[in-house]
Protein chains: 2
Amino acid sequence: MDETYIFGHKSPDTDSITSSLVMAYLEKELGNENVVSCRLGNLNKETEFVLDYFDIEAPKLIEKVEDGANVILVDHNSPSESVENIENAQILKVVDHHKIAFETAYPLFVRCEPVGCTETIMIKLFEENGIEIPKEIASLILSAIISDTLLLKSPTTTDDDKKAVEKLAAIAELDYEVYGLDMLKAGTDLSSFSIEEILALDAKQIDFKDVKSIVNQVNTASIEEVMAMKEDLEAGINAIIEKEGLDLFMLLITDIVNSNSQIIALGNDAALVEKAYGVKLENNTVLLEGVVSRKKQVVPIMTENA
Amino acid sequence: MDETYIFGHKSPDTDSITSSLVMAYLEKELGNENVVSCRLGNLNKETEFVLDYFDIEAPKLIEKVEDGANVILVDHNSPSESVENIENAQILKVVDHHKIAFETAYPLFVRCEPVGCTETIMIKLFEENGIEIPKEIASLILSAIISDTLLLKSPTTTDDDKKAVEKLAAIAELDYEVYGLDMLKAGTDLSSFSIEEILALDAKQIDFKDVKSIVNQVNTASIEEVMAMKEDLEAGINAIIEKEGLDLFMLLITDIVNSNSQIIALGNDAALVEKAYGVKLENNTVLLEGVVSRKKQVVPIMTENA
């Protein structure tokens with residue numbers, strides 16, 4: 001069989017990177033030997049911390065796939081978040097925890113659940129197929145769940161995620177709370193990034209009905225520290241809005257310790273944020289208390305109000 | 001919790017009807033007590049045979065759902081094949097074996113696999129959740145797999161379907177080959193149907209790219225018997241083409257004993273059939289040898305050539 005490329009979304013986070021590694025391991029165990037774990041962009045600081053900590057090699061960086069290539073999509077399904085030329089690839093499987101935003105001309109294996117992390121679903125695939133989870137794989141899955149659920153504090157967290165963390169922490173022999181906070185903090189280090197890089201770190205193109213938008217999320221232990229760059233961030237955002245022809249750019253500066261997000265919203269449709277949350281932007285910014293999940297607390301409410 | 005409505009596609013076949021019954025049983029076992037097994041149309045003769053044989057009540061006939069209604073889609077996912085007002089319902093789960101043709105604004109439980117029958121996937125849900133399959137449920141699932149795979153002879157048949165049939169036949173205490181042929185033959189009895197009814201029996205609106213089409217499939221033990229009605233069928237088809245503004249109507253008259261299909265193709269884009277299969281229509285009709293599966297042998301090849 002031809003090679004099968006396994007990858008998460010563009011601007012990959014820890015779930016996307018480790019999902020491709022974990023799914024590749026699983027596929028090999030299931031007899032699909034010819035799999036390549038891939039990524040569609042640079043590692044963020046948090047994921048670098050994870051791979052360094054466990055001394056694991058990063059997936060292969062790819063930009064596009066050939067016509068007819070076999071692919072497995074993890075942690076995403078929308079073509080807009082996927083590899084270049086995805087429309088001409090053969091999607092064998094999708095394992096994901098996002099809304100459904102793709103179509104196919106053929107039936108395929110799709111495993112989506114509304115859980116906090118893609119890999120919470122993968123654990124079930126291991127179990128169902130009677131495949132043991134080795135220590136290294138458990139460490140990767142554990143890291144992804146902690147990352148996606150902000151240490152099980154995000155409203156996206158489900159009982160399945162919690163159970164998975166308990167189970168995996170035992171296999172990985174890790175104090176997950178200590179390790180998890182170190183990992184999340186590593187992800188908040190923005191010192192080596194340019195403004196352009198910060199604005200692309202976890203940027204997703206998400207159109208709220210007709211409102212063409214990018215929503216970028218930056219985790220931090222100190223909102224003030226990030227807001228000190230506000231002027232430069234706004235200049236960078238306005239450049240992206242012009243270049244991409246956007247109606248809205250939302251930057252979520254998420255305080256991972258106190259579980260709030262400071263929003264910077266620019267673009268002709270910035271008022272959509274005010275309408276959706278019943279707030280008033282002042283100098284293009286507002287604090288949304290308790291909002292930490294783009295998927296659960298931004299996408300549905302913005303879509304509904306668009 | 002509010003009621004949850006579970007239903008298969010319009011013009012329901014045996015898989016759609018029994019899927020809604022089997023999924024309702026499964027949901028109840030999983031603790032979702034308030035489920036209603038539904039159907040979006042009249043029973044066909046084959047499904048009548050099945051429900052009569054096992055003395056099981058048909059699901060509730062519904063036409064539309066209220067705004068915000070909780071639904072579980074089985075054996076379909078496309079809004080065009082679903083209930084009226086599906087776009088304003090809350091889809092909790094999808095269990096299906098067709099191509100992906102829906103979108104959501106929220107993550108949800110989706111379980112699709114490229115197997116012969118929706119219920120081959122449901123068996124896995126029973127197993128994963130440690131729920132036993134009772135005799136009556138086994139009989140329903142068995143009937144659906146036999147129906148969808150034409151007694152395991154359709155090219156859509158997978159090893160999972162075959163294994164399921166072996167297992168279920170034991171639980172149901174049925175000689176599945178004898179029962180299955182009786183069931184399939186019951187489904188070929190067109191004597192009580194008007195031409196309009198025959199043309200709606202298993203009709204699916206499937207657009208091949210820009211070619212707006214309906215593909216209807218009628219199983220038979222004798223192609224000649226159905227072709228005796230050709231003139232009336234063509235008149236009926238032309239009326240539907242005009243009413244619905246179609247570019248193409250394909251009628252597949254499928255010989256379940258010899259595994260061939262006689263095609264009647266009408267509409268401005270009827271030549272797409274010639275291009276797709278490298279054949280020549282004569283008097284609007286042609287025999288496609290070995291073609292029995294709309295999903296596997298019609299949709300992809302017609303889409304590719306459109």
# chains A, B, ... in the order shown; residues from 1 in each chain; ligands from 1

$ residues_around --residues "segment 154-162 of chain A" --least-positions-apart "5" --cutoff "6 Å" --atoms "only C-alpha atoms" --output "PyMOL selection string"
chain A and resi 115-116+120+149

$ interface_residues --of "chain A" --to "chain B" --cutoff "12 Å" --atoms "only C-alpha atoms" --output "VMD selection string"
chain A and resid 75 to 78 88 91 to 118 121 124 to 130 156 206 to 209 294 to 304

$ select_by_dssp --residues "segment 3-171 of chain B" --states "alpha helix (DSSP H)" --output "ChimeraX atom specification"
/B:14-29,45-54,118-128,135-149,159-171

$ residues_around --residues "Thr14 of chain B" --least-positions-apart "6" --cutoff "8 Å" --atoms "only C-alpha atoms" --output "ChimeraX atom specification"
/B:44,46-47,143-144,147-148

$ closest_residue --among "B:Met23, B:Tyr53, B:Ala239, B:Gly41" --to "Val71 of chain B" --atoms "only C-alpha atoms"
B:Met23

$ select_by_dssp --residues "segment 88-180 of chain B" --states "strand (DSSP E or B)" --output "list in words"
Gln90, Ile91, Leu92, Lys93, Val94, Val95, Asp96, Phe109, Val110, Arg111 and Cys112 of chain B

$ write_last_selection --atoms "N, CA and C atoms" --output "mmCIF file, in the first residue's frame"
data_model
loop_
_atom_site.group_PDB
_atom_site.id
_atom_site.type_symbol
_atom_site.label_atom_id
_atom_site.label_comp_id
_atom_site.auth_asym_id
_atom_site.auth_seq_id
_atom_site.Cartn_x
_atom_site.Cartn_y
_atom_site.Cartn_z
ATOM 1 N N GLN B 90 -31.002 20.059 16.801
ATOM 2 C CA GLN B 90 -29.715 19.814 17.456
ATOM 3 C C GLN B 90 -29.368 18.344 17.218
ATOM 4 N N ILE B 91 -28.363 18.117 16.388
ATOM 5 C CA ILE B 91 -27.986 16.736 16.092
ATOM 6 C C ILE B 91 -27.059 16.234 17.196
ATOM 7 N N LEU B 92 -27.510 15.208 17.919
ATOM 8 C CA LEU B 92 -26.698 14.676 19.014
ATOM 9 C C LEU B 92 -25.688 13.663 18.512
ATOM 10 N N LYS B 93 -26.146 12.821 17.601
ATOM 11 C CA LYS B 93 -25.270 11.760 17.104
ATOM 12 C C LYS B 93 -25.586 11.459 15.644
ATOM 13 N N VAL B 94 -24.594 10.950 14.959
ATOM 14 C CA VAL B 94 -24.773 10.414 13.611
ATOM 15 C C VAL B 94 -24.103 9.047 13.580
ATOM 16 N N VAL B 95 -24.847 8.028 13.160
ATOM 17 C CA VAL B 95 -24.244 6.713 12.918
ATOM 18 C C VAL B 95 -24.622 6.334 11.496
ATOM 19 N N ASP B 96 -23.611 6.167 10.634
ATOM 20 C CA ASP B 96 -23.920 6.060 9.209
ATOM 21 C C ASP B 96 -22.783 5.383 8.445
ATOM 22 N N PHE B 109 -21.146 13.636 18.281
ATOM 23 C CA PHE B 109 -20.740 12.239 18.152
ATOM 24 C C PHE B 109 -21.026 11.773 16.726
ATOM 25 N N VAL B 110 -19.990 11.427 15.994
ATOM 26 C CA VAL B 110 -20.170 10.914 14.628
ATOM 27 C C VAL B 110 -19.439 9.594 14.511
ATOM 28 N N ARG B 111 -20.157 8.605 14.073
ATOM 29 C CA ARG B 111 -19.561 7.295 13.925
ATOM 30 C C ARG B 111 -19.899 6.791 12.534
ATOM 31 N N CYS B 112 -18.969 6.979 11.608
ATOM 32 C CA CYS B 112 -19.164 6.493 10.247
ATOM 33 C C CYS B 112 -18.056 5.520 9.900
#

$ residues_around --residues "Glu27 of chain B" --least-positions-apart "6" --cutoff "12 Å" --atoms "only C-alpha atoms" --output "PyMOL selection string"
chain B and resi 3-6+19-21+33-37+71-72+92-93+122+125-126+129+131

$ closest_residue --among "B:Ile86, B:Ile141, B:Val226, B:Val211" --to "Gly245 of chain B" --atoms "only C-alpha atoms"
B:Val211

$ residues_around --residues "Gln205 of chain A" --least-positions-apart "4" --cutoff "8 Å" --atoms "only C-alpha atoms" --output "PDB file with C-alpha atoms, in the first residue's frame"
ATOM      1  CA  SER A  80      -9.494  25.309   5.333  1.00  0.00           C
ATOM      2  CA  GLU A  81      -7.420  24.039   8.263  1.00  0.00           C
ATOM      3  CA  LYS A 212     -14.810  36.179   7.191  1.00  0.00           C
ATOM      4  CA  SER A 213     -12.726  35.852  10.329  1.00  0.00           C
ATOM      5  CA  ILE A 214      -9.517  34.674  11.905  1.00  0.00           C
ATOM      6  CA  VAL A 215      -9.553  33.747  15.581  1.00  0.00           C
TER       7      VAL A 215
END

$ atom_distance --atom1 "atom CA of Asn283 of chain A" --atom2 "atom CA of Ile241 of chain A"
17.3 Å

$ atom_distance --atom1 "atom CA of Gln262 of chain B" --atom2 "atom CA of Asn216 of chain B"
11.9 Å

$ atom_distance --atom1 "atom CA of Leu184 of chain A" --atom2 "atom CA of Tyr277 of chain A"
26.9 Å

$ residues_around --residues "Leu168 of chain B" --least-positions-apart "5" --cutoff "9 Å" --atoms "only C-alpha atoms" --output "list of chain:residue names"
B:Ile133, B:Lys135, B:Ala138, B:Ser139, B:Ile141, B:Leu142, B:Lys163, B:Glu173, B:Leu174

$ residues_around --residues "Phe49 of chain B" --least-positions-apart "5" --cutoff "8 Å" --atoms "only C-alpha atoms" --output "PDB file with all heavy atoms, in the first residue's frame"
ATOM      1  N   MET B 183     -36.776 -12.667   2.325  1.00  0.00           N
ATOM      2  CA  MET B 183     -36.928 -11.241   2.633  1.00  0.00           C
ATOM      3  C   MET B 183     -36.673 -10.394   1.383  1.00  0.00           C
ATOM      4  O   MET B 183     -37.454  -9.492   1.063  1.00  0.00           O
ATOM      5  CB  MET B 183     -35.947 -10.877   3.744  1.00  0.00           C
ATOM      6  CG  MET B 183     -36.062  -9.454   4.229  1.00  0.00           C
ATOM      7  SD  MET B 183     -34.588  -8.950   5.169  1.00  0.00           S
ATOM      8  CE  MET B 183     -33.557  -8.421   3.805  1.00  0.00           C
ATOM      9  N   ALA B 186     -39.496 -10.708  -1.064  1.00  0.00           N
ATOM     10  CA  ALA B 186     -40.681  -9.946  -0.615  1.00  0.00           C
ATOM     11  C   ALA B 186     -40.555  -8.492  -1.059  1.00  0.00           C
ATOM     12  O   ALA B 186     -41.547  -7.834  -1.393  1.00  0.00           O
ATOM     13  CB  ALA B 186     -40.820 -10.033   0.902  1.00  0.00           C
ATOM     14  N   GLY B 187     -39.308  -8.020  -1.067  1.00  0.00           N
ATOM     15  CA  GLY B 187     -39.060  -6.621  -1.438  1.00  0.00           C
ATOM     16  C   GLY B 187     -39.206  -6.343  -2.912  1.00  0.00           C
ATOM     17  O   GLY B 187     -39.292  -5.177  -3.330  1.00  0.00           O
TER      18      GLY B 187
END

$ closest_residue --among "B:Val22, B:Ile223, B:Ala265, B:Met229" --to "Leu246 of chain B" --atoms "only C-alpha atoms"
B:Ala265

$ closest_residue --among "B:Leu43, B:Leu233, B:Ala306, B:Ala24" --to "Lys275 of chain B" --atoms "only C-alpha atoms"
B:Ala306

$ decode --residues "segment 68-82 of chain B" --atoms "all heavy atoms" --output "CSV table (one decimal), in the first residue's frame"
chain,number,residue,atom,x,y,z
B,68,GLY,N,-34.9,23.3,17.4
B,68,GLY,CA,-34.1,22.9,18.6
B,68,GLY,C,-34.4,21.5,19.1
B,68,GLY,O,-33.8,21.1,20.1
B,69,ALA,N,-35.1,20.7,18.3
B,69,ALA,CA,-35.4,19.3,18.7
B,69,ALA,C,-34.1,18.5,18.7
B,69,ALA,O,-33.2,18.7,17.9
B,69,ALA,CB,-36.3,18.7,17.7
B,70,ASN,N,-33.9,17.6,19.7
B,70,ASN,CA,-32.8,16.7,19.7
B,70,ASN,C,-33.0,15.5,18.7
B,70,ASN,O,-34.1,14.9,18.8
B,70,ASN,CB,-32.6,16.1,21.1
B,70,ASN,CG,-32.2,17.2,22.1
B,70,ASN,OD1,-31.4,18.0,21.8
B,70,ASN,ND2,-32.7,17.1,23.3
B,71,VAL,N,-32.1,15.3,17.9
B,71,VAL,CA,-32.2,14.2,16.9
B,71,VAL,C,-30.9,13.4,16.9
B,71,VAL,O,-29.8,13.9,17.1
B,71,VAL,CB,-32.6,14.7,15.5
B,71,VAL,CG1,-33.8,15.6,15.5
B,71,VAL,CG2,-31.4,15.5,14.9
B,72,ILE,N,-31.1,12.1,16.5
B,72,ILE,CA,-30.0,11.2,16.2
B,72,ILE,C,-30.3,10.7,14.8
B,72,ILE,O,-31.3,10.2,14.5
B,72,ILE,CB,-29.9,10.1,17.2
B,72,ILE,CG1,-29.5,10.6,18.6
B,72,ILE,CG2,-28.9,9.0,16.7
B,72,ILE,CD1,-29.5,9.5,19.7
B,73,LEU,N,-29.3,11.0,13.9
B,73,LEU,CA,-29.4,10.5,12.5
B,73,LEU,C,-28.8,9.2,12.3
B,73,LEU,O,-27.6,9.0,12.7
B,73,LEU,CB,-28.8,11.5,11.6
B,73,LEU,CG,-29.1,13.0,11.7
B,73,LEU,CD1,-28.4,13.8,10.6
B,73,LEU,CD2,-30.6,13.2,11.7
B,74,VAL,N,-29.5,8.2,11.8
B,74,VAL,CA,-28.9,6.9,11.5
B,74,VAL,C,-29.1,6.7,10.0
B,74,VAL,O,-30.0,7.2,9.3
B,74,VAL,CB,-29.6,5.8,12.3
B,74,VAL,CG1,-29.2,5.9,13.8
B,74,VAL,CG2,-31.1,5.8,12.1
B,75,ASP,N,-28.2,6.0,9.4
B,75,ASP,CA,-28.2,5.5,8.0
B,75,ASP,C,-28.3,6.7,7.0
B,75,ASP,O,-28.7,6.5,5.8
B,75,ASP,CB,-29.4,4.6,7.7
B,75,ASP,CG,-29.2,3.8,6.4
B,75,ASP,OD1,-28.1,3.6,6.0
B,75,ASP,OD2,-30.3,3.5,5.8
B,76,HIS,N,-28.0,7.9,7.4
B,76,HIS,CA,-27.9,9.1,6.5
B,76,HIS,C,-27.2,10.2,7.3
B,76,HIS,O,-27.2,10.2,8.5
B,76,HIS,CB,-29.3,9.5,6.0
B,76,HIS,CG,-30.1,10.3,7.0
B,76,HIS,ND1,-30.5,9.7,8.2
B,76,HIS,CD2,-30.6,11.5,7.0
B,76,HIS,CE1,-31.2,10.6,8.9
B,76,HIS,NE2,-31.2,11.7,8.1
B,77,ASN,N,-26.8,11.2,6.6
B,77,ASN,CA,-26.3,12.4,7.2
B,77,ASN,C,-26.6,13.6,6.5
B,77,ASN,O,-26.6,14.7,7.0
B,77,ASN,CB,-24.8,12.3,7.6
B,77,ASN,CG,-23.9,12.2,6.4
B,77,ASN,OD1,-23.7,13.3,5.7
B,77,ASN,ND2,-23.3,11.1,6.1
B,78,SER,N,-26.9,13.5,5.2
B,78,SER,CA,-27.2,14.6,4.3
B,78,SER,C,-28.6,15.3,4.7
B,78,SER,O,-29.6,14.6,4.7
B,78,SER,CB,-27.2,14.2,2.9
B,78,SER,OG,-27.7,15.2,2.0
B,79,PRO,N,-28.6,16.6,4.8
B,79,PRO,CA,-29.9,17.3,5.1
B,79,PRO,C,-30.9,17.0,4.0
B,79,PRO,O,-32.1,16.9,4.3
B,79,PRO,CB,-29.5,18.8,5.1
B,79,PRO,CG,-28.0,18.8,5.4
B,79,PRO,CD,-27.4,17.5,4.8
B,80,SER,N,-30.4,16.8,2.8
B,80,SER,CA,-31.4,16.6,1.7
B,80,SER,C,-32.1,15.3,1.8
B,80,SER,O,-33.2,15.1,1.2
B,80,SER,CB,-30.7,16.7,0.3
B,80,SER,OG,-29.9,15.5,0.1
B,81,GLU,N,-31.6,14.3,2.6
B,81,GLU,CA,-32.2,13.0,2.8
B,81,GLU,C,-32.9,13.0,4.1
B,81,GLU,O,-33.4,11.9,4.5
B,81,GLU,CB,-31.2,11.9,2.7
B,81,GLU,CG,-30.6,11.8,1.3
B,81,GLU,CD,-29.6,10.7,1.2
B,81,GLU,OE1,-29.5,9.9,2.1
B,81,GLU,OE2,-28.8,10.7,0.2
B,82,SER,N,-32.8,14.1,4.9
B,82,SER,CA,-33.3,14.0,6.3
B,82,SER,C,-34.7,14.7,6.5
B,82,SER,O,-35.4,15.0,5.5
B,82,SER,CB,-32.2,14.7,7.2
B,82,SER,OG,-32.4,14.3,8.5
